[in-house]
>>> print(open('entry_19.txt').read())   # compact mmCIF, C-alpha atoms
# COMPACT_ATOMS: atom_id res chain seq x y z
CA MET W 1 -0.81 -12.00 -56.99
CA LYS W 2 0.24 -10.14 -60.12
CA GLY W 3 3.61 -8.38 -59.92
CA SER W 4 4.82 -10.19 -56.83
CA ALA W 5 8.06 -12.12 -56.79
CA PRO W 6 7.75 -15.88 -57.29
CA ASP W 7 8.26 -18.08 -54.25
CA VAL W 8 11.28 -20.01 -55.48
CA GLY W 9 12.36 -21.53 -52.18
CA GLY W 10 8.96 -22.23 -50.70
CA ASP W 11 8.16 -21.80 -47.04
CA ARG W 12 10.16 -23.19 -44.14
CA MET W 13 7.97 -26.26 -43.80
CA GLY W 14 9.14 -27.81 -47.08
CA ALA W 15 6.37 -26.79 -49.50
CA ALA W 16 8.80 -25.70 -52.21
CA ASP W 17 8.13 -25.14 -55.88
CA PRO W 18 8.43 -28.59 -57.50
CA LEU W 19 10.30 -27.11 -60.47
CA HIS W 20 13.12 -25.94 -58.23
CA SER W 21 13.15 -28.62 -55.56
CA ASN W 22 13.93 -32.32 -55.58
CA SER W 23 14.63 -33.80 -52.16
CA THR W 24 15.92 -37.09 -53.52
CA LEU W 25 18.36 -35.37 -55.85
CA GLY W 26 19.48 -33.09 -53.01
CA PHE W 27 20.03 -36.05 -50.69
CA ILE W 28 22.02 -37.90 -53.37
CA ALA W 29 24.13 -34.79 -54.00
CA VAL W 30 24.90 -34.38 -50.28
CA MET W 31 25.78 -38.06 -49.88
CA LEU W 32 27.99 -37.97 -52.98
CA ALA W 33 29.75 -34.85 -51.69
CA ALA W 34 30.32 -36.52 -48.31
CA ILE W 35 31.70 -39.70 -49.88
CA LEU W 36 33.98 -37.82 -52.26
CA SER W 37 35.17 -35.57 -49.45
CA GLY W 38 35.98 -38.63 -47.33
CA PHE W 39 37.93 -40.27 -50.15
CA ALA W 40 39.78 -37.02 -50.87
CA GLY W 41 40.71 -36.65 -47.20
CA VAL W 42 41.99 -40.21 -46.92
CA TYR W 43 43.93 -39.88 -50.16
CA PHE W 44 45.42 -36.56 -49.01
CA GLU W 45 46.48 -38.15 -45.73
CA ARG W 46 48.04 -41.09 -47.56
CA ILE W 47 49.95 -38.78 -49.89
CA LEU W 48 51.25 -36.67 -47.00
CA LYS W 49 52.24 -39.56 -44.76
CA GLY W 50 53.28 -42.11 -47.35
CA SER W 51 55.95 -40.23 -49.27
CA LYS W 52 59.37 -38.75 -48.66
CA THR W 53 58.32 -35.37 -50.12
CA THR W 54 58.13 -32.65 -47.47
CA LEU W 55 54.89 -31.04 -46.42
CA TRP W 56 55.98 -27.69 -47.85
CA MET W 57 56.81 -29.19 -51.24
CA ARG W 58 53.33 -30.78 -51.32
CA ASN W 59 51.84 -27.36 -50.59
CA VAL W 60 53.81 -25.83 -53.48
CA GLN W 61 52.63 -28.62 -55.79
CA MET W 62 49.00 -28.04 -54.79
CA CYS W 63 49.47 -24.28 -55.17
CA VAL W 64 50.72 -24.59 -58.75
CA THR W 65 47.83 -26.89 -59.61
CA SER W 66 45.35 -24.48 -57.99
CA ILE W 67 46.74 -21.52 -59.94
CA ALA W 68 46.37 -23.41 -63.22
CA LEU W 69 42.78 -24.39 -62.38
CA ALA W 70 41.90 -20.84 -61.29
CA LEU W 71 43.30 -19.32 -64.47
CA GLY W 72 41.35 -21.86 -66.50
CA GLY W 73 38.23 -20.88 -64.55
CA VAL W 74 38.81 -17.20 -65.34
CA TYR W 75 39.28 -17.97 -69.01
CA PHE W 76 36.21 -20.21 -69.37
CA SER W 77 33.94 -17.99 -67.24
CA GLY W 78 34.10 -15.21 -69.80
CA ASP W 79 36.04 -12.83 -67.55
CA ALA W 80 39.29 -13.18 -69.48
CA GLU W 81 38.67 -9.94 -71.37
CA GLN W 82 38.11 -7.96 -68.15
CA VAL W 83 41.20 -9.50 -66.56
CA MET W 84 43.31 -8.63 -69.61
CA LYS W 85 41.97 -5.07 -69.57
CA HIS W 86 42.18 -4.28 -65.83
CA GLY W 87 44.56 -6.92 -64.48
CA PHE W 88 43.93 -9.95 -62.29
CA PHE W 89 43.85 -8.05 -58.99
CA TYR W 90 41.45 -5.31 -60.15
CA GLY W 91 38.84 -4.64 -57.48
CA TYR W 92 40.70 -6.41 -54.69
CA ASN W 93 40.39 -4.50 -51.41
CA SER W 94 41.62 -5.15 -47.89
CA LEU W 95 38.68 -7.42 -47.11
CA VAL W 96 39.42 -9.63 -50.14
CA TRP W 97 43.11 -9.82 -49.23
CA SER W 98 42.19 -10.69 -45.63
CA VAL W 99 40.01 -13.57 -46.82
CA ILE W 100 42.76 -14.81 -49.17
CA LEU W 101 45.35 -14.76 -46.38
CA LEU W 102 42.96 -16.42 -43.93
CA GLN W 103 42.14 -19.19 -46.41
CA GLY W 104 45.84 -19.70 -47.20
CA PHE W 105 46.70 -19.94 -43.52
CA GLY W 106 43.79 -22.34 -43.00
CA GLY W 107 45.10 -24.55 -45.79
CA LEU W 108 48.52 -24.71 -44.16
CA VAL W 109 46.95 -25.58 -40.81
CA VAL W 110 44.89 -28.36 -42.41
CA ALA W 111 47.99 -29.81 -44.03
CA VAL W 112 49.87 -29.79 -40.71
CA VAL W 113 46.93 -31.38 -38.86
CA VAL W 114 46.58 -34.14 -41.46
CA LYS W 115 50.34 -34.73 -41.54
CA TYR W 116 50.81 -34.99 -37.78
CA ALA W 117 47.36 -36.22 -36.67
CA ASP W 118 44.79 -37.79 -38.99
CA ASN W 119 41.91 -37.04 -41.32
CA ILE W 120 39.24 -37.88 -38.73
CA LEU W 121 40.71 -35.40 -36.27
CA LYS W 122 40.68 -32.77 -39.04
CA GLY W 123 36.97 -33.42 -39.54
CA PHE W 124 36.32 -33.02 -35.83
CA ALA W 125 38.33 -29.80 -35.77
CA ALA W 126 36.30 -28.42 -38.68
CA SER W 127 33.02 -29.35 -36.97
CA PHE W 128 34.16 -27.88 -33.67
CA SER W 129 35.21 -24.64 -35.39
CA ILE W 130 31.76 -24.30 -36.97
CA ILE W 131 30.11 -24.79 -33.59
CA THR W 132 32.49 -22.28 -32.00
CA SER W 133 31.73 -19.75 -34.73
CA CYS W 134 28.01 -20.18 -34.17
CA VAL W 135 28.37 -19.80 -30.40
CA LEU W 136 30.28 -16.56 -30.99
CA CYS W 137 27.51 -15.44 -33.36
CA ILE W 138 24.99 -15.92 -30.53
CA TYR W 139 26.77 -13.26 -28.49
CA LEU W 140 28.02 -10.98 -31.27
CA PHE W 141 25.12 -11.00 -33.75
CA ASP W 142 22.04 -12.22 -31.80
CA PHE W 143 22.02 -15.56 -33.61
CA ASN W 144 19.19 -17.79 -32.40
CA PRO W 145 20.17 -21.45 -32.79
CA THR W 146 17.43 -23.90 -33.74
CA MET W 147 16.83 -27.23 -32.09
CA THR W 148 18.36 -28.89 -35.15
CA PHE W 149 21.55 -26.88 -34.64
CA MET W 150 21.67 -27.72 -30.94
CA SER W 151 21.13 -31.43 -31.69
CA GLY W 152 23.94 -31.34 -34.25
CA ALA W 153 26.26 -29.60 -31.80
CA VAL W 154 25.56 -32.23 -29.16
CA LEU W 155 26.19 -35.04 -31.67
CA VAL W 156 29.49 -33.48 -32.80
CA ASN W 157 30.71 -33.12 -29.22
CA LEU W 158 29.56 -36.65 -28.37
CA SER W 159 31.34 -38.08 -31.41
CA MET W 160 34.56 -36.24 -30.49
CA TYR W 161 34.34 -37.68 -26.97
CA MET W 162 33.66 -41.18 -28.27
CA TYR W 163 36.54 -40.98 -30.74
CA SER W 164 39.02 -39.89 -28.07
CA TYR W 165 37.72 -42.28 -25.39
CA ASN W 166 40.07 -45.18 -24.72
CA PRO W 167 38.30 -47.89 -22.71
CA SER W 168 41.51 -49.84 -22.16
CA ASN W 169 42.84 -47.00 -19.97
CA SER W 170 39.82 -47.12 -17.65
CA VAL W 171 39.98 -50.95 -17.46
CA THR W 172 43.71 -50.77 -16.68
CA LYS W 173 43.10 -48.18 -13.94
CA HIS W 174 40.32 -50.32 -12.49
CA MET W 175 42.55 -53.41 -12.49
CA LYS W 176 45.41 -51.52 -10.84
CA THR W 177 43.07 -50.24 -8.13
CA GLU W 178 41.91 -53.81 -7.38
CA ASP W 179 45.51 -55.06 -7.28
CA ASP W 180 46.51 -52.24 -4.93
CA SER W 181 43.60 -53.01 -2.59
CA ARG W 182 44.65 -56.69 -2.34
CA VAL W 183 48.11 -55.81 -1.12
>>> encode(input="entry_19.txt", output="structure tokens")
Amino acid sequence: MKGSAPDVGGDRMGAADPLHSNSTLGFIAVMLAAILSGFAGVYFERILKGSKTTLWMRNVQMCVTSIALALGGVYFSGDAEQVMKHGFFYGYNSLVWSVILLQGFGGLVVAVVVKYADNILKGFAASFSIITSCVLCIYLFDFNPTMTFMSGAVLVNLSMYMYSYNPSNSVTKHMKTEDDSRV
């Protein structure tokens, strides 16, 4: 139809425009992101637990690195002129500051969880928080979860149970019960 917007994303059944869709490339990108995220998490845990440097000093080190990367991003994105003219915080409102504070607090919580628990537990906590957010969205915003979402939620909860399950405790309890019944 002339004048209509092009269907870039395709329909929900997967018939996407071949110029803008490549399932194999998307799968490879997701797998690469998952692998790199896993390595980064393990490395972060090793750095936090394997050195004498305090958790707060590590946070300061990451903060300084992040500021340098962010300033480089501003410079190379072409926004340097606008930042020089109006200042770095131009356009920030209370919502932006709330998000910044929430993300900063979340980063501190992640560091504490990784320091005193482990990287796998952090992954479970992140998955559980996504599920909790979606459940709240059901009641607050009329979110209708799909069967795929429900299957994922069940798998996340099952994996958390399996990770925390300790079969040696149930075997020990069973053995103690048999010993007590013999006496």
>>> residues_around(input="entry_19.txt", residues="stretch 55-64 of chain W", least_positions_apart="5", cutoff="9 Å", atoms="all atoms listed in the file", output="ChimeraX atom specification")
/W:47-48,69,107-108,111-112,115
>>> closest_residue(input="entry_19.txt", among="W:Gln82, W:Ser37, W:Asn93, W:Thr53", to="W:Ile120", atoms="only C-alpha atoms")
W:Ser37
>>> closest_residue(input="entry_19.txt", among="W:Val109, W:Ala70, W:Ala40, W:Val96", to="W:Ala126", atoms="only C-alpha atoms")
W:Val109
>>> atom_distance(input="entry_19.txt", atom1="atom CA of W:Glu81", atom2="atom CA of W:Gln103")
26.8 Å
>>> residues_around(input="entry_19.txt", residues="W:Ala153", least_positions_apart="4", cutoff="9 Å", atoms="all atoms listed in the file", output="ChimeraX atom specification")
/W:127-128,131,148-149,157-158
>>> atom_distance(input="entry_19.txt", atom1="atom CA of W:Ala117", atom2="atom CA of W:Glu45")
9.3 Å
>>> atom_distance(input="entry_19.txt", atom1="atom CA of W:Leu121", atom2="atom CA of W:Met162")
12.1 Å
>>> residues_around(input="entry_19.txt", residues="W:Asn144", least_positions_apart="6", cutoff="12 Å", atoms="all atoms listed in the file", output="PDB file with C-alpha atoms, in the frame of the given file")
ATOM      1  CA  CYS W 134      28.010 -20.180 -34.170  1.00  0.00           C
ATOM      2  CA  VAL W 135      28.370 -19.800 -30.400  1.00  0.00           C
ATOM      3  CA  LEU W 136      30.280 -16.560 -30.990  1.00  0.00           C
ATOM      4  CA  CYS W 137      27.510 -15.440 -33.360  1.00  0.00           C
ATOM      5  CA  ILE W 138      24.990 -15.920 -30.530  1.00  0.00           C
ATOM      6  CA  MET W 150      21.670 -27.720 -30.940  1.00  0.00           C
TER       7      MET W 150
END
>>> closest_residue(input="entry_19.txt", among="W:Phe89, W:Tyr165, W:Phe27, W:Phe44", to="W:Asp118", atoms="only C-alpha atoms")
W:Phe44
>>> decode(input="entry_19.txt", residues="stretch 53-76 of chain W", atoms="N, CA and C atoms", output="mmCIF file, in the first residue's frame")
data_model
loop_
_atom_site.group_PDB
_atom_site.id
_atom_site.type_symbol
_atom_site.label_atom_id
_atom_site.label_comp_id
_atom_site.auth_asym_id
_atom_site.auth_seq_id
_atom_site.Cartn_x
_atom_site.Cartn_y
_atom_site.Cartn_z
ATOM 1 N N THR W 53 41.670 -5.657 49.060
ATOM 2 C CA THR W 53 41.022 -4.357 48.875
ATOM 3 C C THR W 53 39.577 -4.445 49.346
ATOM 4 N N THR W 54 39.096 -3.414 50.028
ATOM 5 C CA THR W 54 37.736 -3.431 50.554
ATOM 6 C C THR W 54 36.719 -3.299 49.426
ATOM 7 N N LEU W 55 35.520 -3.708 49.736
ATOM 8 C CA LEU W 55 34.414 -3.611 48.781
ATOM 9 C C LEU W 55 34.181 -2.170 48.360
ATOM 10 N N TRP W 56 34.281 -1.241 49.287
ATOM 11 C CA TRP W 56 34.011 0.166 48.976
ATOM 12 C C TRP W 56 35.102 0.759 48.094
ATOM 13 N N MET W 57 36.345 0.336 48.290
ATOM 14 C CA MET W 57 37.412 0.810 47.417
ATOM 15 C C MET W 57 37.222 0.266 45.998
ATOM 16 N N ARG W 58 36.768 -0.979 45.871
ATOM 17 C CA ARG W 58 36.470 -1.538 44.546
ATOM 18 C C ARG W 58 35.364 -0.733 43.871
ATOM 19 N N ASN W 59 34.360 -0.335 44.637
ATOM 20 C CA ASN W 59 33.281 0.477 44.062
ATOM 21 C C ASN W 59 33.801 1.822 43.580
ATOM 22 N N VAL W 60 34.700 2.441 44.334
ATOM 23 C CA VAL W 60 35.287 3.716 43.912
ATOM 24 C C VAL W 60 36.101 3.522 42.634
ATOM 25 N N GLN W 61 36.873 2.435 42.572
ATOM 26 C CA GLN W 61 37.650 2.156 41.365
ATOM 27 C C GLN W 61 36.747 1.975 40.149
ATOM 28 N N MET W 62 35.658 1.231 40.306
ATOM 29 C CA MET W 62 34.730 1.044 39.189
ATOM 30 C C MET W 62 34.039 2.349 38.823
ATOM 31 N N CYS W 63 33.758 3.176 39.820
ATOM 32 C CA CYS W 63 33.108 4.465 39.582
ATOM 33 C C CYS W 63 33.997 5.369 38.730
ATOM 34 N N VAL W 64 35.260 5.451 39.070
ATOM 35 C CA VAL W 64 36.189 6.301 38.313
ATOM 36 C C VAL W 64 36.309 5.808 36.875
ATOM 37 N N THR W 65 36.397 4.505 36.707
ATOM 38 C CA THR W 65 36.451 3.931 35.360
ATOM 39 C C THR W 65 35.173 4.237 34.584
ATOM 40 N N SER W 66 34.021 4.107 35.248
ATOM 41 C CA SER W 66 32.738 4.383 34.595
ATOM 42 C C SER W 66 32.618 5.837 34.176
ATOM 43 N N ILE W 67 33.089 6.749 35.017
ATOM 44 C CA ILE W 67 33.034 8.179 34.676
ATOM 45 C C ILE W 67 33.887 8.454 33.443
ATOM 46 N N ALA W 68 35.070 7.874 33.388
ATOM 47 C CA ALA W 68 35.939 8.069 32.223
ATOM 48 C C ALA W 68 35.285 7.523 30.961
ATOM 49 N N LEU W 69 34.689 6.338 31.037
ATOM 50 C CA LEU W 69 34.016 5.759 29.871
ATOM 51 C C LEU W 69 32.804 6.589 29.456
ATOM 52 N N ALA W 70 32.039 7.082 30.426
ATOM 53 C CA ALA W 70 30.860 7.893 30.104
ATOM 54 C C ALA W 70 31.252 9.208 29.444
ATOM 55 N N LEU W 71 32.288 9.850 29.952
ATOM 56 C CA LEU W 71 32.745 11.095 29.326
ATOM 57 C C LEU W 71 33.263 10.848 27.914
ATOM 58 N N GLY W 72 33.948 9.729 27.716
ATOM 59 C CA GLY W 72 34.380 9.365 26.367
ATOM 60 C C GLY W 72 33.186 9.136 25.457
ATOM 61 N N GLY W 73 32.141 8.503 25.984
ATOM 62 C CA GLY W 73 30.921 8.286 25.214
ATOM 63 C C GLY W 73 30.254 9.588 24.818
ATOM 64 N N VAL W 74 30.226 10.557 25.734
ATOM 65 C CA VAL W 74 29.650 11.873 25.420
ATOM 66 C C VAL W 74 30.462 12.552 24.329
ATOM 67 N N TYR W 75 31.760 12.478 24.432
ATOM 68 C CA TYR W 75 32.633 13.136 23.457
ATOM 69 C C TYR W 75 32.469 12.515 22.064
ATOM 70 N N PHE W 76 32.490 11.187 21.987
ATOM 71 C CA PHE W 76 32.441 10.519 20.688
ATOM 72 C C PHE W 76 31.032 10.432 20.105
#
